[in-house]
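As structure tokens, the structure follows; a few thoughts come after it.
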Amino acid sequence: MKRVGFTLNGKTTTCDVEENELLLHTLRERLSIASVKEGCSIGECGTCTVLIDNEPCYACLTLTAKVEGRDVLTVEYLAHADLLHPLQESFISHGAVQCGFCTPAMLLVGYSLLLKHRQPTDEQIREAMSGNLCRCTGYVQIIEAIKDAAPVFIHSGS
Amino acid sequence: MFIGRDLDRVDALAKVLGTAGFAHDLRMEGMLFACVVRSTKPHALLRDVDVSGAYAVPGVLRVVSHKDIPGQNTFGALRKDQPFLAESRVRYVGEPILVVIGENEAVAREGAARVRIDYGEIDAVLEPDATGKGRQIYDTGSLMAYKKVRKGDVEKGSAASDVVVAHTFRTTWIDHAFLETEAGIGYVDEGGRIVIKSSTQNIHYKRVEISRLLAIPEERIRVVQATTGGGFGGKLDVTCEGFLALAVHLLKRPVFMRYTREESFLSNTKRHPLSIDYKTGARKDGTLTAVKVDITGDTGPYASYGDAVCLRVAVHATGPYEVPNVWADCKLLYTNNPVSGAMRGFGVPQLAFAHESQLDEVAEALGMDPIDIRIRNGLKRGSVTATGQVLSASAGFVETLKKIEPFWRARQKTKKGSGFGLGCMYYGIGNTGVANPANALVELGEEGRVILHTGACEIGQGSDTALLQIALETLGVARSDVLLDRGDTDTSKDAGSSSASRQTYISGKAVQEAALGLRAFLDEAGYYHRGRALGDIYRATKDKGRLLFEGFFNPPASGLDEATGQGIPYATYAFASHMTEVEVEEATGACRVKQVHAAHDVGKSINPKAIRGQICGGVAMGVGLALMEEFIPGKTASFDAYYIPTSLDMPRVEVFLVEDEEPTGPFGAKGVGEPALIPQAASVVNAVTDAVGVHVYELPCHVERLKGLIESKKTTK
């Protein structure tokens, strides 16, 4: 076992993990972060996406030991108390959610993109989402949700 | 007030917060993990099964075989022909043989890997054989199902044609590829009952199967739908539920299961690969005279939903057109390939590929515009379908064409390789020619809260929200007055499965009926005219027992004549037309889908935003069916080899709704879940033909295949 310290959703976290343990397992099984999904286990579907230092990463391909000292975000970070993040509100109002299994990862990808591009084009959004599969929505309403959240995102000071 | 409004989904909040309890996320104190040992051979006798290796793994508690099954070791939605666990013989790669139960997932999977099976291999039947002369899996022959439709005289019709076009079309296996693989949890509750919570499309059906499996009465079993990460037909059959029930029954401890992606690809039923011989005749003016369709399909070794697919494709073989002379045959044959079953559209997307390609070729031969031949022959009110059904209402097919007509007429090829295609469909809502009722309950509960109890499964398609909107509109109460209680066999009556685009129409009508019952009660109690509060009404009457109102709807349809297929298979049909623009790069065969105009007759739009979501999702799945999706038995095990469309593959989508109200539907509504997908692949294929002048008779039309077609066209020039 190995002790790993990192920031999870803004909180300092330490966790004893196996040497070869994957972040997906640590988050889901040790830290009860069930929003990080396991759709394929080999880095193809993107449902396990988390942000590491604000960059999307597949938790199923990331060793927990590698996040030592880094900043890990999951969708739990976005909403505060009773207040949804504008991106979450936008996903709801645009109908960007169907079965919802890809939704937490899609939100994180959108969040990461909006940190870098305050007014992303459709192409930038499509490009950013291209590593995340969705079988229900055809992506259209997700793209619209991310795009429409952009102006509010700037003002929300995220 | 609530119909036609973009109400936010009732489940969206939990889903954006990440708190929705998917089957994958279910956990219980002290739970065990179960893992299935599956056949690695397509056809073999089980000579010896050695489980000692599994028991040698510390933490493995039990290896379960067919001998541990107290009841019936067979299941099946339409025929009870599929073993939960193989007994002496396996018939496809992935067939379950044992269930290994361990303290955790790693242990159970390790145990499963250490089981040694001595297979006595038998030559596998890997090609469907319609002659009946080749090798057979069963003594009773290879023919699983045979359905036919006969109308008029197709030979006479052909003889009277000015043009006849005939081709053979082929499709392959398609996987549902829902992002949440099959999963669930089981436990024994305080009352000693078996409880199963799973990712499913039908709770009451699963309860019946568990009851047969364990030989215990249904009331000793409770099935609950967990939040379900997609279905598309793949969670209609029993997946993990039977294994969970068996494990819980034997060990009396909570047990969890989750298929890996590879297991899901291996075990999940597939879209039927069909071979379609299609002959179309028409007169000079474009009027269709005859359609003859001979379909053969590979159904794998067990029936699953094969009967439903077989009948549905025969019934829908002509597409949404009035044809005076029809001869349609569909035969599904047993093989040792994967079990094919229900997948979004039950075979009709494959048929749309064929009938829409045919129609374009007929139009080309006659020098007609593709939209004109469709308008000329399109089904409308008063038309007679291939099964002799007169469409008396809600037949807005031509109106869907009219919606996209301005865009079609104005289309302009912007560059070399750009092309446009049309795809059309009609689709019977609900099951074919059989009773398929739904029940619903509406209750005036504690403190005057209205509770809607439904057994309909929300699989992402939006039934929870649509049913709630129907209840709200019927009752004329506020959103906050109504609670939704759903997906639990303990609190709901059977609503049938979430399939066949049937829940909005059938469960919706049942909800409306139940709500009308409560409405009449509330009216009498003074809610509507005297302003009496719901809470007051509840308190004044609660001592008389539960205020529960039942709703029931079974669509008015009839069985079909066995010899001719004539009859009324469905009470109502959805109609749609898609126009697709593509760009094909001739040098590589790469096809990009640029834009889709999709027009749908939904009867009445309950929630336009949700309908648009269904259509955009259907377009995506249709693009996949047309251009990239192909399950190869023995090879496909991951998304690395099974491509589904990503955000980069998606076109822009413009949605148009036609509302030709269905008199028997709730507020006039029909369904849209499958119609959204059905015409899409057809319109892509027709656009490819328009773009590069090659005809596509086999799907998927992936890069290599299209490149080959383009090259062979050049060499034959």
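The chains in the structure tokens are called A, B, ... from first to last as shown; in each chain the residues are counted from 1, and the ligands are counted from 1 in the order shown.
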Test item: chain B residues at most 7 Å from chain A, counting only C-alpha atoms, as a PyMOL selection string | chain B and resi 8+12+15-19+25+178-181+228-230+260-261+459-461+609-610+613-614+616-617+619-620+639-640+646-648+650
For the residues in the current selection, export N, CA and C atoms as a compact mmCIF listing (two decimals), in the first residue's frame.
```
# COMPACT_ATOMS: atom_id res chain seq x y z
N ASP B 8 -38.47 20.55 -17.98
CA ASP B 8 -37.17 19.91 -17.73
C ASP B 8 -37.41 18.48 -17.27
N ALA B 12 -33.25 14.97 -14.40
CA ALA B 12 -32.04 15.67 -14.85
C ALA B 12 -31.20 16.19 -13.68
N LYS B 15 -28.98 13.66 -12.22
CA LYS B 15 -27.99 13.24 -13.21
C LYS B 15 -26.89 14.28 -13.39
N VAL B 16 -27.22 15.58 -13.34
CA VAL B 16 -26.14 16.57 -13.46
C VAL B 16 -25.34 16.70 -12.16
N LEU B 17 -25.97 16.35 -11.06
CA LEU B 17 -25.24 16.39 -9.78
C LEU B 17 -24.34 15.17 -9.62
N GLY B 18 -24.60 14.15 -10.40
CA GLY B 18 -23.81 12.91 -10.26
C GLY B 18 -24.32 12.03 -9.14
N THR B 19 -25.52 12.32 -8.63
CA THR B 19 -26.04 11.54 -7.50
C THR B 19 -27.05 10.46 -7.92
N ASP B 25 -23.85 1.77 -9.58
CA ASP B 25 -23.45 2.46 -8.35
C ASP B 25 -24.03 1.83 -7.10
N PHE B 178 -25.03 0.68 -25.20
CA PHE B 178 -25.41 1.60 -24.12
C PHE B 178 -24.17 1.80 -23.26
N LEU B 179 -24.03 2.98 -22.68
CA LEU B 179 -22.76 3.24 -21.97
C LEU B 179 -22.71 2.56 -20.61
N GLU B 180 -23.85 2.31 -20.00
CA GLU B 180 -23.82 1.53 -18.76
C GLU B 180 -24.03 0.06 -19.11
N THR B 181 -23.03 -0.76 -18.86
CA THR B 181 -23.18 -2.19 -19.14
C THR B 181 -24.21 -2.78 -18.16
N THR B 228 -31.04 3.81 -15.19
CA THR B 228 -30.56 2.90 -16.24
C THR B 228 -29.82 3.67 -17.32
N GLY B 229 -28.58 3.27 -17.53
CA GLY B 229 -27.73 3.98 -18.48
C GLY B 229 -27.89 3.52 -19.90
N GLY B 230 -29.10 3.67 -20.43
CA GLY B 230 -29.37 3.31 -21.82
C GLY B 230 -29.89 1.90 -21.96
N THR B 260 -18.39 -6.49 -17.66
CA THR B 260 -17.37 -5.68 -18.29
C THR B 260 -17.87 -5.33 -19.70
N ARG B 261 -17.21 -4.39 -20.33
CA ARG B 261 -17.62 -4.04 -21.70
C ARG B 261 -17.48 -5.24 -22.63
N ILE B 459 -35.50 4.83 -19.49
CA ILE B 459 -34.16 4.35 -19.86
C ILE B 459 -33.35 5.47 -20.51
N GLY B 460 -33.79 6.69 -20.29
CA GLY B 460 -33.13 7.84 -20.89
C GLY B 460 -34.00 8.51 -21.94
N GLN B 461 -35.04 7.78 -22.37
CA GLN B 461 -35.87 8.29 -23.47
C GLN B 461 -36.82 9.38 -23.01
N LYS B 609 -38.74 19.49 -26.56
CA LYS B 609 -37.30 19.41 -26.30
C LYS B 609 -36.86 17.96 -26.18
N ALA B 610 -37.67 17.16 -25.52
CA ALA B 610 -37.33 15.74 -25.36
C ALA B 610 -37.43 15.02 -26.70
N GLY B 613 -34.43 15.68 -28.61
CA GLY B 613 -33.35 14.86 -28.08
C GLY B 613 -33.38 13.45 -28.63
N GLN B 614 -34.59 12.89 -28.71
CA GLN B 614 -34.73 11.54 -29.29
C GLN B 614 -34.30 11.54 -30.75
N CYS B 616 -32.26 13.69 -32.39
CA CYS B 616 -30.81 13.87 -32.55
C CYS B 616 -30.07 12.58 -32.20
N GLY B 617 -30.52 11.90 -31.16
CA GLY B 617 -29.90 10.63 -30.78
C GLY B 617 -30.13 9.56 -31.83
N VAL B 619 -30.56 10.15 -35.01
CA VAL B 619 -29.70 10.50 -36.15
C VAL B 619 -28.29 9.95 -35.91
N ALA B 620 -27.79 10.12 -34.70
CA ALA B 620 -26.44 9.62 -34.39
C ALA B 620 -26.38 8.11 -34.60
N PHE B 639 -14.78 -0.89 -27.61
CA PHE B 639 -15.02 0.25 -28.50
C PHE B 639 -13.82 0.52 -29.39
N ASP B 640 -12.74 -0.18 -29.13
CA ASP B 640 -11.56 -0.06 -29.98
C ASP B 640 -11.85 -0.64 -31.36
N THR B 646 -18.91 9.76 -32.62
CA THR B 646 -18.49 10.73 -31.61
C THR B 646 -19.04 12.09 -32.00
N SER B 647 -18.73 13.08 -31.19
CA SER B 647 -19.20 14.45 -31.48
C SER B 647 -18.70 14.92 -32.83
N LEU B 648 -17.56 14.40 -33.28
CA LEU B 648 -17.00 14.84 -34.56
C LEU B 648 -17.73 14.22 -35.76
N MET B 650 -21.03 13.92 -35.88
CA MET B 650 -22.43 14.36 -35.89
C MET B 650 -22.68 15.53 -36.83
```
Quick one: DSSP alpha helix (DSSP H) residues in region 528-644 of chain B, as number ranges by chain?
-> B: 534-541, 608-627
Extract, using only C-alpha atoms, all DNA, RNA and protein residues at most 10 Å from region 131-147 of chain B, discarding same-chain residues fewer than 4 positions from it, and format them as a PyMOL selection string.
-> chain B and resi 43+91+122-127+295-303+306-315+328-336+562-565
Using DSSP on the backbone, list every residue of region 333-566 of chain B that comes out as strand (DSSP E), and give them as JSON, numbers by chain.
-> {"B": [333, 334, 418, 419, 420, 421, 422, 423, 424, 425, 426, 427, 428, 438, 439, 440, 441, 442, 443, 444, 450, 451, 452, 453, 454, 482, 483, 484, 485, 486, 547, 548, 549, 550, 551, 552, 553]}
Work out how far CA of Met31 (chain B) is from CA of Val72 (chain A), in Å to one decimal.
-> 28.9 Å
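Comparing A:Leu108, A:Val4, A:Ala81, A:Cys60 by their smallest distance to Leu23 (chain A), the closest is A:Cys60 (using only C-alpha atoms).
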